>>> print(open('final_37.pdb').read())   # PDB, C-alpha atoms
ATOM      1  CA  MET C  58       0.000   0.000   0.000
ATOM      2  CA  GLY C  59       2.836   2.456   0.741
ATOM      3  CA  GLU C  60       3.021   5.561   2.829
ATOM      4  CA  LYS C  61       0.201   8.069   2.406
ATOM      5  CA  ARG C  62       1.339  11.606   1.625
ATOM      6  CA  ILE C  63      -0.574  14.742   2.553
ATOM      7  CA  LEU C  64       0.127  18.285   1.451
ATOM      8  CA  MET C  65      -1.025  21.142   3.677
ATOM      9  CA  VAL C  66      -1.330  24.498   1.925
ATOM     10  CA  VAL C  67      -0.897  27.631   4.043
ATOM     11  CA  SER C  68      -0.645  31.335   3.338
ATOM     12  CA  PRO C  69       2.857  32.778   3.811
ATOM     13  CA  ASN C  70       1.633  34.723   6.821
ATOM     14  CA  ARG C  71      -1.321  34.794   9.209
ATOM     15  CA  PHE C  72      -2.461  31.212   8.565
ATOM     16  CA  ASN C  73      -4.322  29.550  11.433
ATOM     17  CA  ASP C  74      -1.414  28.054  13.373
ATOM     18  CA  ARG C  75      -3.623  26.316  15.940
ATOM     19  CA  GLN C  76      -5.343  24.518  13.080
ATOM     20  CA  TYR C  77      -1.947  23.626  11.618
ATOM     21  CA  GLU C  78      -0.848  22.096  14.934
ATOM     22  CA  ILE C  79      -3.987  19.940  15.156
ATOM     23  CA  CYS C  80      -3.629  18.740  11.564
ATOM     24  CA  ARG C  81       0.066  17.911  11.934
ATOM     25  CA  ARG C  82      -0.444  16.036  15.209
ATOM     26  CA  LEU C  83      -3.359  13.939  13.942
ATOM     27  CA  PHE C  84      -1.917  13.129  10.508
ATOM     28  CA  GLU C  85       1.487  12.194  11.932
ATOM     29  CA  SER C  86      -0.137  10.049  14.640
ATOM     30  CA  LYS C  87      -1.554   7.941  11.772
ATOM     31  CA  GLY C  88       1.904   7.638  10.212
ATOM     32  CA  TYR C  89       1.235   9.883   7.226
ATOM     33  CA  SER C  90       3.993  11.842   5.549
ATOM     34  CA  LEU C  91       3.197  15.547   5.758
ATOM     35  CA  SER C  92       4.551  18.379   3.601
ATOM     36  CA  VAL C  93       3.744  22.078   3.674
ATOM     37  CA  ALA C  94       3.334  24.284   0.601
ATOM     38  CA  SER C  95       2.956  28.039   0.261
ATOM     39  CA  ILE C  96       3.662  30.723  -2.313
ATOM     40  CA  GLU C  97       7.398  30.355  -1.737
ATOM     41  CA  LYS C  98       9.605  27.735  -0.097
ATOM     42  CA  GLY C  99      11.136  28.811   3.219
ATOM     43  CA  VAL C 100       9.140  29.848   6.278
ATOM     44  CA  ALA C 101       5.501  30.784   6.917
ATOM     45  CA  MET C 102       4.228  32.673   9.957
ATOM     46  CA  GLY C 103       0.928  31.960  11.661
ATOM     47  CA  GLN C 104      -1.587  34.319  13.255
ATOM     48  CA  THR C 105      -0.025  33.959  16.712
ATOM     49  CA  GLY C 106       3.586  34.198  15.517
ATOM     50  CA  MET C 107       4.381  30.500  15.122
ATOM     51  CA  THR C 108       6.816  29.889  12.253
ATOM     52  CA  ILE C 109       6.842  26.675  10.248
ATOM     53  CA  PRO C 110       9.052  25.401   7.441
ATOM     54  CA  VAL C 111       7.556  25.488   3.952
ATOM     55  CA  ASP C 112       8.812  22.428   2.085
ATOM     56  CA  ILE C 113       7.691  23.317  -1.417
ATOM     57  CA  ALA C 114       6.492  26.299  -3.440
ATOM     58  CA  LEU C 115       2.958  25.949  -4.799
ATOM     59  CA  LYS C 116       4.205  26.273  -8.384
ATOM     60  CA  ASP C 117       6.423  23.199  -7.916
ATOM     61  CA  VAL C 118       3.758  20.850  -6.508
ATOM     62  CA  LYS C 119       2.904  17.754  -8.560
ATOM     63  CA  THR C 120      -0.533  16.446  -7.592
ATOM     64  CA  TYR C 121       0.449  12.837  -8.315
ATOM     65  CA  ASP C 122       2.959  13.027  -5.440
ATOM     66  CA  TYR C 123       0.195  13.320  -2.814
ATOM     67  CA  ASP C 124      -2.867  11.395  -1.672
ATOM     68  CA  ALA C 125      -4.649  14.376  -0.107
ATOM     69  CA  PHE C 126      -4.557  18.167  -0.081
ATOM     70  CA  VAL C 127      -5.592  20.272   2.916
ATOM     71  CA  PHE C 128      -5.992  24.024   2.426
ATOM     72  CA  LEU C 129      -5.872  25.769   5.810
ATOM     73  CA  GLY C 130      -7.676  29.007   6.559
ATOM     74  CA  GLY C 131      -6.727  31.973   8.634
ATOM     75  CA  GLU C 132      -6.549  35.744   8.347
ATOM     76  CA  GLY C 133      -3.895  35.626   5.618
ATOM     77  CA  THR C 134      -5.606  33.142   3.298
ATOM     78  CA  LYS C 135      -6.964  35.869   1.007
ATOM     79  CA  ILE C 136      -3.432  36.385  -0.357
ATOM     80  CA  LEU C 137      -3.797  32.970  -2.018
ATOM     81  CA  PHE C 138      -7.045  33.953  -3.794
ATOM     82  CA  ASP C 139      -5.167  35.854  -6.526
ATOM     83  CA  ASP C 140      -2.207  33.492  -6.678
ATOM     84  CA  GLU C 141      -2.267  31.614  -9.970
ATOM     85  CA  SER C 142      -0.307  28.627  -8.631
ATOM     86  CA  ALA C 143      -2.662  28.268  -5.613
ATOM     87  CA  ARG C 144      -5.699  28.286  -7.895
ATOM     88  CA  LYS C 145      -4.116  25.807 -10.301
ATOM     89  CA  LEU C 146      -3.211  23.438  -7.479
ATOM     90  CA  ALA C 147      -6.735  23.588  -6.020
ATOM     91  CA  LYS C 148      -8.241  22.844  -9.429
ATOM     92  CA  ASP C 149      -5.781  20.013 -10.177
ATOM     93  CA  ALA C 150      -6.328  18.476  -6.715
ATOM     94  CA  LYS C 151     -10.106  18.186  -7.101
ATOM     95  CA  TYR C 152      -9.768  14.569  -8.230
ATOM     96  CA  LYS C 153      -7.940  13.629  -5.017
ATOM     97  CA  THR C 154      -8.998  13.864  -1.392
ATOM     98  CA  LEU C 155      -9.373  17.615  -0.955
ATOM     99  CA  ALA C 156     -10.151  19.538   2.228
ATOM    100  CA  ALA C 157     -10.482  23.217   3.034
ATOM    101  CA  SER C 158     -11.227  25.110   6.191
ATOM    102  CA  ASP C 159     -13.099  28.377   6.594
ATOM    103  CA  SER C 160     -11.685  31.090   4.248
ATOM    104  CA  ALA C 161      -9.745  28.545   2.156
ATOM    105  CA  VAL C 162     -13.094  27.240   0.857
ATOM    106  CA  ALA C 163     -13.379  30.455  -1.174
ATOM    107  CA  LEU C 164     -10.052  29.649  -2.848
ATOM    108  CA  LEU C 165     -11.451  26.296  -3.962
ATOM    109  CA  ALA C 166     -14.520  28.084  -5.330
ATOM    110  CA  LEU C 167     -12.371  30.597  -7.240
ATOM    111  CA  SER C 168     -10.376  27.758  -8.791
ATOM    112  CA  GLY C 169     -13.399  25.811 -10.019
ATOM    113  CA  ALA C 170     -12.632  22.880  -7.715
ATOM    114  CA  VAL C 171     -16.083  22.804  -6.078
ATOM    115  CA  GLU C 172     -18.353  23.117  -9.098
ATOM    116  CA  GLU C 173     -21.589  21.145  -8.608
ATOM    117  CA  LYS C 174     -20.470  20.108  -5.091
ATOM    118  CA  LYS C 175     -22.127  20.723  -1.731
ATOM    119  CA  VAL C 176     -19.783  22.741   0.464
ATOM    120  CA  THR C 177     -19.764  24.816   3.608
ATOM    121  CA  GLY C 178     -17.702  27.737   4.787
ATOM    122  CA  PRO C 179     -18.090  31.054   6.587
ATOM    123  CA  PRO C 180     -21.451  32.685   5.786
ATOM    124  CA  GLU C 181     -19.701  35.887   4.650
ATOM    125  CA  LEU C 182     -18.010  33.897   1.862
ATOM    126  CA  SER C 183     -21.164  32.125   0.666
ATOM    127  CA  GLY C 184     -21.417  34.474  -2.335
ATOM    128  CA  TRP C 185     -17.991  33.387  -3.543
ATOM    129  CA  ILE C 186     -18.944  29.741  -3.079
ATOM    130  CA  LEU C 187     -22.108  30.241  -5.131
ATOM    131  CA  LYS C 188     -20.105  32.033  -7.853
ATOM    132  CA  GLY C 189     -17.929  28.909  -7.955
ATOM    133  CA  LYS C 190     -21.103  27.029  -8.969
ATOM    134  CA  ALA C 191     -21.211  25.087  -5.713
ATOM    135  CA  TYR C 192     -24.118  24.599  -3.338
ATOM    136  CA  TYR C 193     -23.599  26.373  -0.006
ATOM    137  CA  THR C 194     -24.969  24.399   2.953
ATOM    138  CA  GLY C 195     -23.900  26.479   5.971
ATOM    139  CA  GLU C 196     -23.306  23.281   7.976
ATOM    140  CA  PRO C 197     -20.357  23.028  10.401
ATOM    141  CA  MET C 198     -18.801  20.362   8.124
ATOM    142  CA  ARG C 199     -19.772  19.026   4.708
ATOM    143  CA  ILE C 200     -18.429  15.937   2.935
ATOM    144  CA  ASP C 201     -19.243  15.546  -0.759
ATOM    145  CA  ASP C 202     -17.456  12.459  -2.095
ATOM    146  CA  LYS C 203     -13.714  13.243  -1.624
ATOM    147  CA  LEU C 204     -14.287  16.928  -0.865
ATOM    148  CA  ILE C 205     -14.324  17.941   2.804
ATOM    149  CA  THR C 206     -15.103  21.517   3.852
ATOM    150  CA  ILE C 207     -15.569  23.087   7.258
ATOM    151  CA  LYS C 208     -17.209  26.346   8.257
ATOM    152  CA  GLY C 209     -14.655  27.302  10.903
ATOM    153  CA  PRO C 210     -11.507  26.159  12.695
ATOM    154  CA  GLU C 211     -13.480  24.603  15.574
ATOM    155  CA  MET C 212     -14.178  21.648  13.240
ATOM    156  CA  THR C 213     -10.504  20.990  12.404
ATOM    157  CA  GLU C 214     -10.266  17.661  14.213
ATOM    158  CA  GLN C 215     -13.414  16.372  12.488
ATOM    159  CA  MET C 216     -12.032  17.539   9.122
ATOM    160  CA  VAL C 217      -8.764  15.665   9.672
ATOM    161  CA  ASN C 218     -10.647  12.509  10.680
ATOM    162  CA  ALA C 219     -12.780  12.784   7.527
ATOM    163  CA  VAL C 220      -9.642  13.191   5.380
ATOM    164  CA  ILE C 221      -8.103  10.106   7.002
ATOM    165  CA  LYS C 222     -11.292   8.084   6.451
ATOM    166  CA  THR C 223     -11.470   9.182   2.804
ATOM    167  CA  ILE C 224      -7.819   8.326   2.146
ATOM    168  CA  GLU C 225      -8.200   4.924   3.798
ATOM    169  CA  LYS C 226     -11.187   4.133   1.561
ATOM    170  CA  GLY C 227      -9.035   4.858  -1.471
TER
END
>>> encode(input="final_37.pdb", output="structure tokens")
Amino acid sequence: MGEKRILMVVSPNRFNDRQYEICRRLFESKGYSLSVASIEKGVAMGQTGMTIPVDIALKDVKTYDYDAFVFLGGEGTKILFDDESARKLAKDAKYKTLAASDSAVALLALSGAVEEKKVTGPPELSGWILKGKAYYTGEPMRIDDKLITIKGPEMTEQMVNAVIKTIEKG
């Protein structure tokens, strides 16, 4: 079967570092290999000042190298909305296990990755989700096939568990 590989996508600054910590802890406890991508390789800084290594630039990511993609939210996520490589990755990853939390759901909508899917996210971003031709549910968490979205960071643990379950199903 081989080792499962997960790519977490974060903004270069002001990503939700608490959410990052939860994701890393839970994925690594299952023995998954975890990499972090952002606009540039190097270091990213979270909302509370935590710094993390960025293993790969978004433009260099090959979707076939990973089993799942997790786009984390946070105050700085909007910087990814206009980033061509972030949009391309989101669109290319839609055939894999794909998860997004809070504001990152809008990035998936902008990329076309959620078209005809049922998704959730913050109510203030529901217009963007609808423009992405998705169905906005407003639920705390929504799973539509291999797409997992959460409304806010309080559902991070449930999102990670859903990603794990989806990967395990194959």
>>> residues_near_point(input="final_37.pdb", point="(-5.1, 15.0, -1.8)", cutoff="9 Å", atoms="all atoms listed in the file", output="count of residues only")
20
>>> atom_distance(input="final_37.pdb", atom1="atom CA of C:Ile113", atom2="atom CA of C:Thr213")
23.0 Å
>>> atom_distance(input="final_37.pdb", atom1="atom CA of C:Ala157", atom2="atom CA of C:Val171")
10.7 Å
>>> residues_near_point(input="final_37.pdb", point="(-18.0, 22.4, 4.6)", cutoff="6 Å", atoms="only C-alpha atoms", output="list in words")
Val176, Thr177, Gly178, Met198, Arg199, Thr206, Ile207 and Lys208 of chain C
>>> atom_distance(input="final_37.pdb", atom1="atom CA of C:Glu132", atom2="atom CA of C:Val100")
16.9 Å
>>> closest_residue(input="final_37.pdb", among="C:Gly131, C:Gly169, C:Pro197, C:Gly227", to="C:Lys61", atoms="all atoms listed in the file")
C:Gly227
>>> closest_residue(input="final_37.pdb", among="C:Asp117, C:Glu141, C:Asp74, C:Glu172", to="C:Pro210", atoms="only C-alpha atoms")
C:Asp74
>>> closest_residue(input="final_37.pdb", among="C:Ala163, C:Leu115, C:Leu146, C:Ile200", to="C:Asn218", atoms="all atoms listed in the file")
C:Ile200
>>> closest_residue(input="final_37.pdb", among="C:Asp159, C:Glu78, C:Glu60, C:Asp112", to="C:Ser90", atoms="only C-alpha atoms")
C:Glu60
>>> resolve_selection(input="final_37.pdb", expression="the PyMOL selection byres ((chain C and resi 69) around 6)", output="count of residues only")
4
>>> resolve_selection(input="final_37.pdb", expression="the PyMOL selection byres ((chain C and resi 136) around 10)", output="list in words")
Ser68, Pro69, Asn70, Arg71, Ile96, Glu132, Gly133, Thr134, Lys135, Leu137, Phe138, Asp139, Asp140, Ala143 and Leu164 of chain C
>>> write_last_selection(input="final_37.pdb", atoms="C-alpha atoms", output="tab-separated table (two decimals), in the frame of the given file")
chain	number	residue	atom	x	y	z
C	68	SER	CA	-0.64	31.34	3.34
C	69	PRO	CA	2.86	32.78	3.81
C	70	ASN	CA	1.63	34.72	6.82
C	71	ARG	CA	-1.32	34.79	9.21
C	96	ILE	CA	3.66	30.72	-2.31
C	132	GLU	CA	-6.55	35.74	8.35
C	133	GLY	CA	-3.90	35.63	5.62
C	134	THR	CA	-5.61	33.14	3.30
C	135	LYS	CA	-6.96	35.87	1.01
C	137	LEU	CA	-3.80	32.97	-2.02
C	138	PHE	CA	-7.04	33.95	-3.79
C	139	ASP	CA	-5.17	35.85	-6.53
C	140	ASP	CA	-2.21	33.49	-6.68
C	143	ALA	CA	-2.66	28.27	-5.61
C	164	LEU	CA	-10.05	29.65	-2.85
>>> resolve_selection(input="final_37.pdb", expression="the PyMOL selection byres ((chain C and resi 175) around 7)", output="PyMOL selection string")
chain C and resi 173-174+176+191-194+201
>>> residues_around(input="final_37.pdb", residues="C:Val111", least_positions_apart="4", cutoff="6 Å", atoms="all atoms listed in the file", output="VMD selection string")
chain C and resid 93 to 94 98 to 100
>>> closest_residue(input="final_37.pdb", among="C:Ala170, C:Met216, C:Leu187, C:Ile221", to="C:Glu85", atoms="only C-alpha atoms")
C:Ile221
>>> closest_residue(input="final_37.pdb", among="C:Lys87, C:Lys116, C:Lys226, C:Lys188", to="C:Val66", atoms="only C-alpha atoms")
C:Lys116
